[in-house]
Amino acid sequence: MARRPDGNNRLDDAARAGWLYYVAGRTQDEIASSMGISRQSAQRLVSLAMAERLIKVRLDHPIAACLELGLRLKEKFDLRQVDIVPSDPGSSSTTVGIAEAGAAEIERWLKSAEPIILAIGTGRTLKAAIDQLPAMECPQHRIVSLTGNIGLDGSAAYYNVIFSMADAVKARHFPMPLPVLVSSPEERALLHNQALVKSALQLGSEANVAFVGVGELGQDAPLCEDGFLARDEMMRLMDEGAAGEICGWMFDRDGQMLSGSINKRVASVPLPSRDSATVIGIAKGQRKYFALRAALKGRVINGLITDESTAEFLLAN
């Protein structure tokens, strides 16, 4: 005859059932047979063990540390979305791990049945992420480039990803037919008044989510390497307090946008409001530490995809 646990031994039985299920790896049918109770009673006892916190689960896997780091970062910087990938001390790549995680997050947004506007920045990491995307049919969505796809000499910018994305994702794409930086605020005003550019500006302001790279500063920074900014001008901006850039927009160590002339020459689409949109920065590595910290501190971004070592730095500083 099946025995019924009474009130005095119910927690003992719950602990036994919980141990058999979570530690010994028994099925609920096996637990029922072992304890002389019905399967339904075994199921209830296992649930009771969890509800009474008799069972404490320890995930013994590297990803457990990543999950904990992500939760702490989310709380520290009031982030909407965090994804931490394991670090590989033996790799010098600045994209491995976070490119795959970025692609997975982009894919998750694109799988939405509800129409969304997805804004995308530029750079090596984002290009690596887009290269990981599977072919997708997303006619309900619109994808807009936040940065220009034209170099200062009129050539196509190599790391602009909007066209690579268009090859993989069948959705309406809206490129930004301008360079990242123009010669003057007056030139930017003239260019932004063009109908094609106005469309991109409007879509960018309405974006539901944006994926952006976070650029470090210095003489070998992406803006200099890609020919958008002279090295002497870069050094002058750093002397004035610039700490990082996103889509060409320069900010200081507190994450406040520079008020000088440089941001008045940025032709990129302004980042969507962090009150209404999720703006996810994708970056890792020591070169990105201070730019990422500033971007998070000033809420230039409210989402992050990075690796363990970068996360540990951000939590400690």
# chains A, B, ... in the order shown; residues from 1 in each chain; ligands from 1
>>> residues_around(residues="Lys76 of chain A", least_positions_apart="3", cutoff="10 Å", atoms="only C-alpha atoms", output="PyMOL selection string")
chain A and resi 70-73+79+296-297+314-315
>>> write_last_selection(atoms="C-alpha atoms", output="mmCIF file, in the first residue's frame")
data_model
loop_
_atom_site.group_PDB
_atom_site.id
_atom_site.type_symbol
_atom_site.label_atom_id
_atom_site.label_comp_id
_atom_site.auth_asym_id
_atom_site.auth_seq_id
_atom_site.Cartn_x
_atom_site.Cartn_y
_atom_site.Cartn_z
ATOM 1 C CA GLY A 70 25.791 39.588 -16.443
ATOM 2 C CA LEU A 71 23.351 39.936 -13.565
ATOM 3 C CA ARG A 72 25.768 42.111 -11.590
ATOM 4 C CA LEU A 73 26.432 44.349 -14.608
ATOM 5 C CA LEU A 79 20.849 47.685 -18.283
ATOM 6 C CA LEU A 296 27.765 52.591 -19.617
ATOM 7 C CA LYS A 297 28.260 55.298 -17.010
ATOM 8 C CA LEU A 314 33.617 47.052 -15.594
ATOM 9 C CA LEU A 315 32.420 45.720 -12.241
#
>>> select_by_dssp(residues="segment 197-264 of chain A", states="helix (DSSP H, G or I)", output="list in words")
Val197, Lys198, Ser199, Ala200, Leu201, Gln202, Leu203, Gly204, Ser205, Pro222, Leu223, Cys224, Glu225, Arg231, Asp232, Glu233, Met234, Met235, Arg236, Leu237, Met238, Asp239, Ser261, Ile262, Asn263 and Lys264 of chain A
>>> select_by_dssp(residues="segment 158-211 of chain A", states="strand (DSSP E or B)", output="tab-separated table (two decimals) with all heavy atoms, in the first residue's frame")
chain	number	residue	atom	x	y	z
A	160	ASN	N	31.08	49.14	-43.18
A	160	ASN	CA	29.66	49.40	-43.08
A	160	ASN	C	28.92	48.10	-43.37
A	160	ASN	O	29.20	47.43	-44.37
A	160	ASN	CB	29.24	50.49	-44.05
A	160	ASN	CG	27.83	50.95	-43.80
A	160	ASN	OD1	26.87	50.29	-44.18
A	160	ASN	ND2	27.70	52.09	-43.14
A	169	VAL	N	19.41	39.06	-44.71
A	169	VAL	CA	18.08	39.30	-44.14
A	169	VAL	C	17.20	39.99	-45.17
A	169	VAL	O	17.49	41.12	-45.60
A	169	VAL	CB	18.18	40.17	-42.87
A	169	VAL	CG1	16.80	40.43	-42.30
A	169	VAL	CG2	19.07	39.48	-41.83
A	170	LYS	N	16.16	39.33	-45.56
A	170	LYS	CA	15.24	39.89	-46.55
A	170	LYS	C	14.23	40.78	-45.84
A	170	LYS	O	13.18	40.35	-45.37
A	170	LYS	CB	14.55	38.77	-47.31
A	170	LYS	CG	15.52	37.88	-48.09
A	170	LYS	CD	16.36	38.69	-49.08
A	170	LYS	CE	17.29	37.81	-49.87
A	170	LYS	NZ	18.49	37.42	-49.12
A	171	ALA	N	14.63	42.03	-45.71
A	171	ALA	CA	13.79	43.07	-45.11
A	171	ALA	C	14.11	44.37	-45.82
A	171	ALA	O	15.07	44.45	-46.59
A	171	ALA	CB	14.06	43.18	-43.61
A	172	ARG	N	13.32	45.38	-45.59
A	172	ARG	CA	13.62	46.69	-46.19
A	172	ARG	C	14.81	47.30	-45.46
A	172	ARG	O	14.82	47.42	-44.24
A	172	ARG	CB	12.40	47.61	-46.10
A	172	ARG	CG	11.21	47.12	-46.92
A	172	ARG	CD	10.03	48.06	-46.76
A	172	ARG	NE	10.31	49.37	-47.35
A	172	ARG	CZ	9.54	50.47	-47.13
A	172	ARG	NH1	8.49	50.37	-46.34
A	172	ARG	NH2	9.85	51.61	-47.70
A	173	HIS	N	15.83	47.68	-46.23
A	173	HIS	CA	17.05	48.26	-45.67
A	173	HIS	C	17.17	49.72	-46.09
A	173	HIS	O	16.90	50.07	-47.24
A	173	HIS	CB	18.27	47.48	-46.16
A	173	HIS	CG	18.41	46.13	-45.53
A	173	HIS	ND1	17.58	45.08	-45.85
A	173	HIS	CD2	19.28	45.65	-44.59
A	173	HIS	CE1	17.93	44.02	-45.15
A	173	HIS	NE2	18.96	44.34	-44.39
A	174	PHE	N	17.64	50.53	-45.15
A	174	PHE	CA	17.77	51.97	-45.40
A	174	PHE	C	19.20	52.39	-45.07
A	174	PHE	O	19.54	52.62	-43.92
A	174	PHE	CB	16.76	52.74	-44.54
A	174	PHE	CG	15.34	52.43	-44.85
A	174	PHE	CD1	14.72	51.30	-44.32
A	174	PHE	CD2	14.59	53.25	-45.70
A	174	PHE	CE1	13.40	51.00	-44.62
A	174	PHE	CE2	13.27	52.95	-45.99
A	174	PHE	CZ	12.67	51.82	-45.45
A	175	PRO	N	20.06	52.51	-46.10
A	175	PRO	CA	21.43	52.94	-45.86
A	175	PRO	C	21.49	54.44	-45.58
A	175	PRO	O	20.55	55.19	-45.87
A	175	PRO	CB	22.14	52.60	-47.17
A	175	PRO	CG	21.05	52.62	-48.19
A	175	PRO	CD	19.80	52.17	-47.51
A	176	MET	N	22.60	54.86	-45.00
A	176	MET	CA	22.85	56.28	-44.75
A	176	MET	C	23.89	56.73	-45.77
A	176	MET	O	25.08	56.44	-45.62
A	176	MET	CB	23.35	56.48	-43.33
A	176	MET	CG	23.49	57.92	-42.90
A	176	MET	SD	21.92	58.81	-42.91
A	176	MET	CE	22.36	60.26	-41.96
A	181	LEU	N	31.89	61.59	-40.92
A	181	LEU	CA	32.16	62.99	-40.58
A	181	LEU	C	32.16	63.84	-41.84
A	181	LEU	O	32.61	63.40	-42.89
A	181	LEU	CB	33.53	63.13	-39.90
A	181	LEU	CG	33.67	62.58	-38.47
A	181	LEU	CD1	35.13	62.47	-38.10
A	181	LEU	CD2	32.93	63.47	-37.48
A	209	VAL	N	15.40	48.78	-31.46
A	209	VAL	CA	16.67	48.26	-30.96
A	209	VAL	C	17.78	48.73	-31.89
A	209	VAL	O	17.56	48.92	-33.10
A	209	VAL	CB	16.64	46.72	-30.88
A	209	VAL	CG1	16.46	46.09	-32.27
A	209	VAL	CG2	17.89	46.17	-30.21
A	210	ALA	N	18.95	48.96	-31.30
A	210	ALA	CA	20.13	49.34	-32.09
A	210	ALA	C	21.31	48.49	-31.63
A	210	ALA	O	21.47	48.22	-30.43
A	210	ALA	CB	20.45	50.82	-31.93
A	211	PHE	N	22.11	48.06	-32.57
A	211	PHE	CA	23.34	47.32	-32.28
A	211	PHE	C	24.52	48.16	-32.75
A	211	PHE	O	24.58	48.54	-33.93
A	211	PHE	CB	23.34	45.97	-32.99
A	211	PHE	CG	22.32	45.01	-32.44
A	211	PHE	CD1	21.01	45.01	-32.93
A	211	PHE	CD2	22.65	44.12	-31.43
A	211	PHE	CE1	20.07	44.13	-32.42
A	211	PHE	CE2	21.71	43.24	-30.92
A	211	PHE	CZ	20.41	43.25	-31.41
>>> residues_around(residues="Gly303 of chain A", least_positions_apart="6", cutoff="12 Å", atoms="only C-alpha atoms", output="ChimeraX atom specification")
/A:70,73-75,77-84,102,105,209-214,274,277-283,292,295-297
>>> write_last_selection(atoms="N, CA, C and O atoms", output="short mmCIF file (atom, residue, chain, number, x, y, z; two decimals), in the first residue's frame")
data_model
loop_
_atom_site.label_atom_id
_atom_site.label_comp_id
_atom_site.auth_asym_id
_atom_site.auth_seq_id
_atom_site.Cartn_x
_atom_site.Cartn_y
_atom_site.Cartn_z
N GLY A 70 26.81 38.85 -15.72
CA GLY A 70 25.79 39.59 -16.44
C GLY A 70 24.76 40.19 -15.52
O GLY A 70 24.34 41.34 -15.70
N LEU A 73 26.31 43.20 -13.71
CA LEU A 73 26.43 44.35 -14.61
C LEU A 73 25.07 44.98 -14.87
O LEU A 73 24.95 46.21 -14.92
N LYS A 74 24.07 44.14 -15.04
CA LYS A 74 22.72 44.64 -15.29
C LYS A 74 22.25 45.51 -14.13
O LYS A 74 21.66 46.58 -14.34
N GLU A 75 22.54 45.07 -12.91
CA GLU A 75 22.14 45.83 -11.73
C GLU A 75 22.98 47.09 -11.56
O GLU A 75 22.44 48.16 -11.24
N PHE A 77 24.59 48.97 -13.80
CA PHE A 77 24.41 50.01 -14.81
C PHE A 77 22.96 50.13 -15.29
O PHE A 77 22.70 50.86 -16.25
N ASP A 78 22.04 49.44 -14.63
CA ASP A 78 20.61 49.51 -14.97
C ASP A 78 20.40 49.22 -16.45
O ASP A 78 19.81 50.00 -17.19
N LEU A 79 20.89 48.06 -16.88
CA LEU A 79 20.85 47.68 -18.28
C LEU A 79 19.60 46.87 -18.61
O LEU A 79 19.08 46.13 -17.78
N ARG A 80 19.15 46.98 -19.84
CA ARG A 80 18.02 46.19 -20.30
C ARG A 80 18.42 44.78 -20.72
O ARG A 80 17.67 43.83 -20.56
N GLN A 81 19.61 44.67 -21.30
CA GLN A 81 20.04 43.39 -21.88
C GLN A 81 21.54 43.23 -21.68
O GLN A 81 22.31 44.16 -21.95
N VAL A 82 21.96 42.08 -21.18
CA VAL A 82 23.38 41.79 -20.99
C VAL A 82 23.65 40.35 -21.43
O VAL A 82 22.88 39.45 -21.09
N ASP A 83 24.72 40.15 -22.15
CA ASP A 83 25.15 38.81 -22.53
C ASP A 83 26.66 38.75 -22.39
O ASP A 83 27.38 39.50 -23.05
N ILE A 84 27.13 37.90 -21.49
CA ILE A 84 28.56 37.75 -21.24
C ILE A 84 29.01 36.39 -21.78
O ILE A 84 28.41 35.37 -21.44
N GLY A 102 26.36 38.31 -30.59
CA GLY A 102 25.66 39.41 -31.24
C GLY A 102 24.74 38.94 -32.34
O GLY A 102 23.60 39.41 -32.46
N GLU A 105 21.61 37.47 -30.82
CA GLU A 105 20.67 38.48 -30.31
C GLU A 105 19.97 39.22 -31.45
O GLU A 105 18.77 39.50 -31.37
N VAL A 209 15.40 48.78 -31.46
CA VAL A 209 16.67 48.26 -30.96
C VAL A 209 17.78 48.73 -31.89
O VAL A 209 17.56 48.92 -33.10
N ALA A 210 18.95 48.96 -31.30
CA ALA A 210 20.13 49.34 -32.09
C ALA A 210 21.31 48.49 -31.63
O ALA A 210 21.47 48.22 -30.43
N PHE A 211 22.11 48.06 -32.57
CA PHE A 211 23.34 47.32 -32.28
C PHE A 211 24.52 48.16 -32.75
O PHE A 211 24.58 48.54 -33.93
N VAL A 212 25.43 48.46 -31.84
CA VAL A 212 26.52 49.38 -32.16
C VAL A 212 27.84 48.84 -31.64
O VAL A 212 27.90 48.13 -30.65
N GLY A 213 28.91 49.21 -32.34
CA GLY A 213 30.24 48.98 -31.81
C GLY A 213 30.61 50.13 -30.90
O GLY A 213 30.02 51.21 -30.96
N VAL A 214 31.58 49.90 -30.04
CA VAL A 214 32.07 50.95 -29.14
C VAL A 214 33.53 51.18 -29.46
O VAL A 214 34.36 50.27 -29.31
N ARG A 274 17.36 56.11 -25.27
CA ARG A 274 17.48 54.93 -24.42
C ARG A 274 16.26 54.73 -23.53
O ARG A 274 16.11 53.69 -22.90
N ALA A 277 14.21 52.73 -26.55
CA ALA A 277 14.89 51.73 -27.38
C ALA A 277 15.98 51.01 -26.57
O ALA A 277 16.52 51.55 -25.60
N THR A 278 16.28 49.80 -26.99
CA THR A 278 17.40 49.05 -26.44
C THR A 278 18.61 49.28 -27.35
O THR A 278 18.58 48.94 -28.53
N VAL A 279 19.65 49.90 -26.80
CA VAL A 279 20.86 50.20 -27.57
C VAL A 279 21.98 49.32 -27.03
O VAL A 279 22.48 49.53 -25.92
N ILE A 280 22.35 48.30 -27.80
CA ILE A 280 23.28 47.27 -27.35
C ILE A 280 24.67 47.50 -27.91
O ILE A 280 24.86 47.49 -29.14
N GLY A 281 25.63 47.74 -27.03
CA GLY A 281 27.02 47.86 -27.44
C GLY A 281 27.67 46.49 -27.47
O GLY A 281 27.48 45.68 -26.56
N ILE A 282 28.43 46.21 -28.53
CA ILE A 282 29.12 44.92 -28.67
C ILE A 282 30.62 45.20 -28.76
O ILE A 282 31.09 45.76 -29.75
N ALA A 283 31.35 44.82 -27.74
CA ALA A 283 32.80 45.08 -27.72
C ALA A 283 33.43 44.29 -26.58
O ALA A 283 32.77 43.96 -25.59
N LEU A 292 34.07 51.63 -23.00
CA LEU A 292 32.87 50.92 -22.54
C LEU A 292 32.40 51.45 -21.19
O LEU A 292 31.20 51.66 -20.96
N ALA A 295 30.69 54.74 -21.73
CA ALA A 295 29.40 54.58 -22.41
C ALA A 295 28.33 54.06 -21.46
O ALA A 295 27.17 54.48 -21.51
N LEU A 296 28.72 53.13 -20.59
CA LEU A 296 27.77 52.59 -19.62
C LEU A 296 27.45 53.61 -18.53
O LEU A 296 26.29 53.75 -18.11
N LYS A 297 28.45 54.32 -18.07
CA LYS A 297 28.26 55.30 -17.01
C LYS A 297 27.29 56.39 -17.44
O LYS A 297 26.43 56.82 -16.66
#
>>> closest_residue(among="A:Pro185, A:Gly90, A:Pro177, A:Gly248", to="Cys224 of chain A", atoms="only C-alpha atoms")
A:Gly248
>>> closest_residue(among="A:Leu20, A:Ala65, A:Lys111, A:Val300", to="Ser87 of chain A", atoms="only C-alpha atoms")
A:Ala65
>>> residues_around(residues="Ser261 of chain A", least_positions_apart="6", cutoff="12 Å", atoms="only C-alpha atoms", output="PyMOL selection string")
chain A and resi 181-186+188+233+236-237+240+249-250
>>> atom_distance(atom1="atom CA of Ala267 of chain A", atom2="atom CA of Lys288 of chain A")
23.3 Å
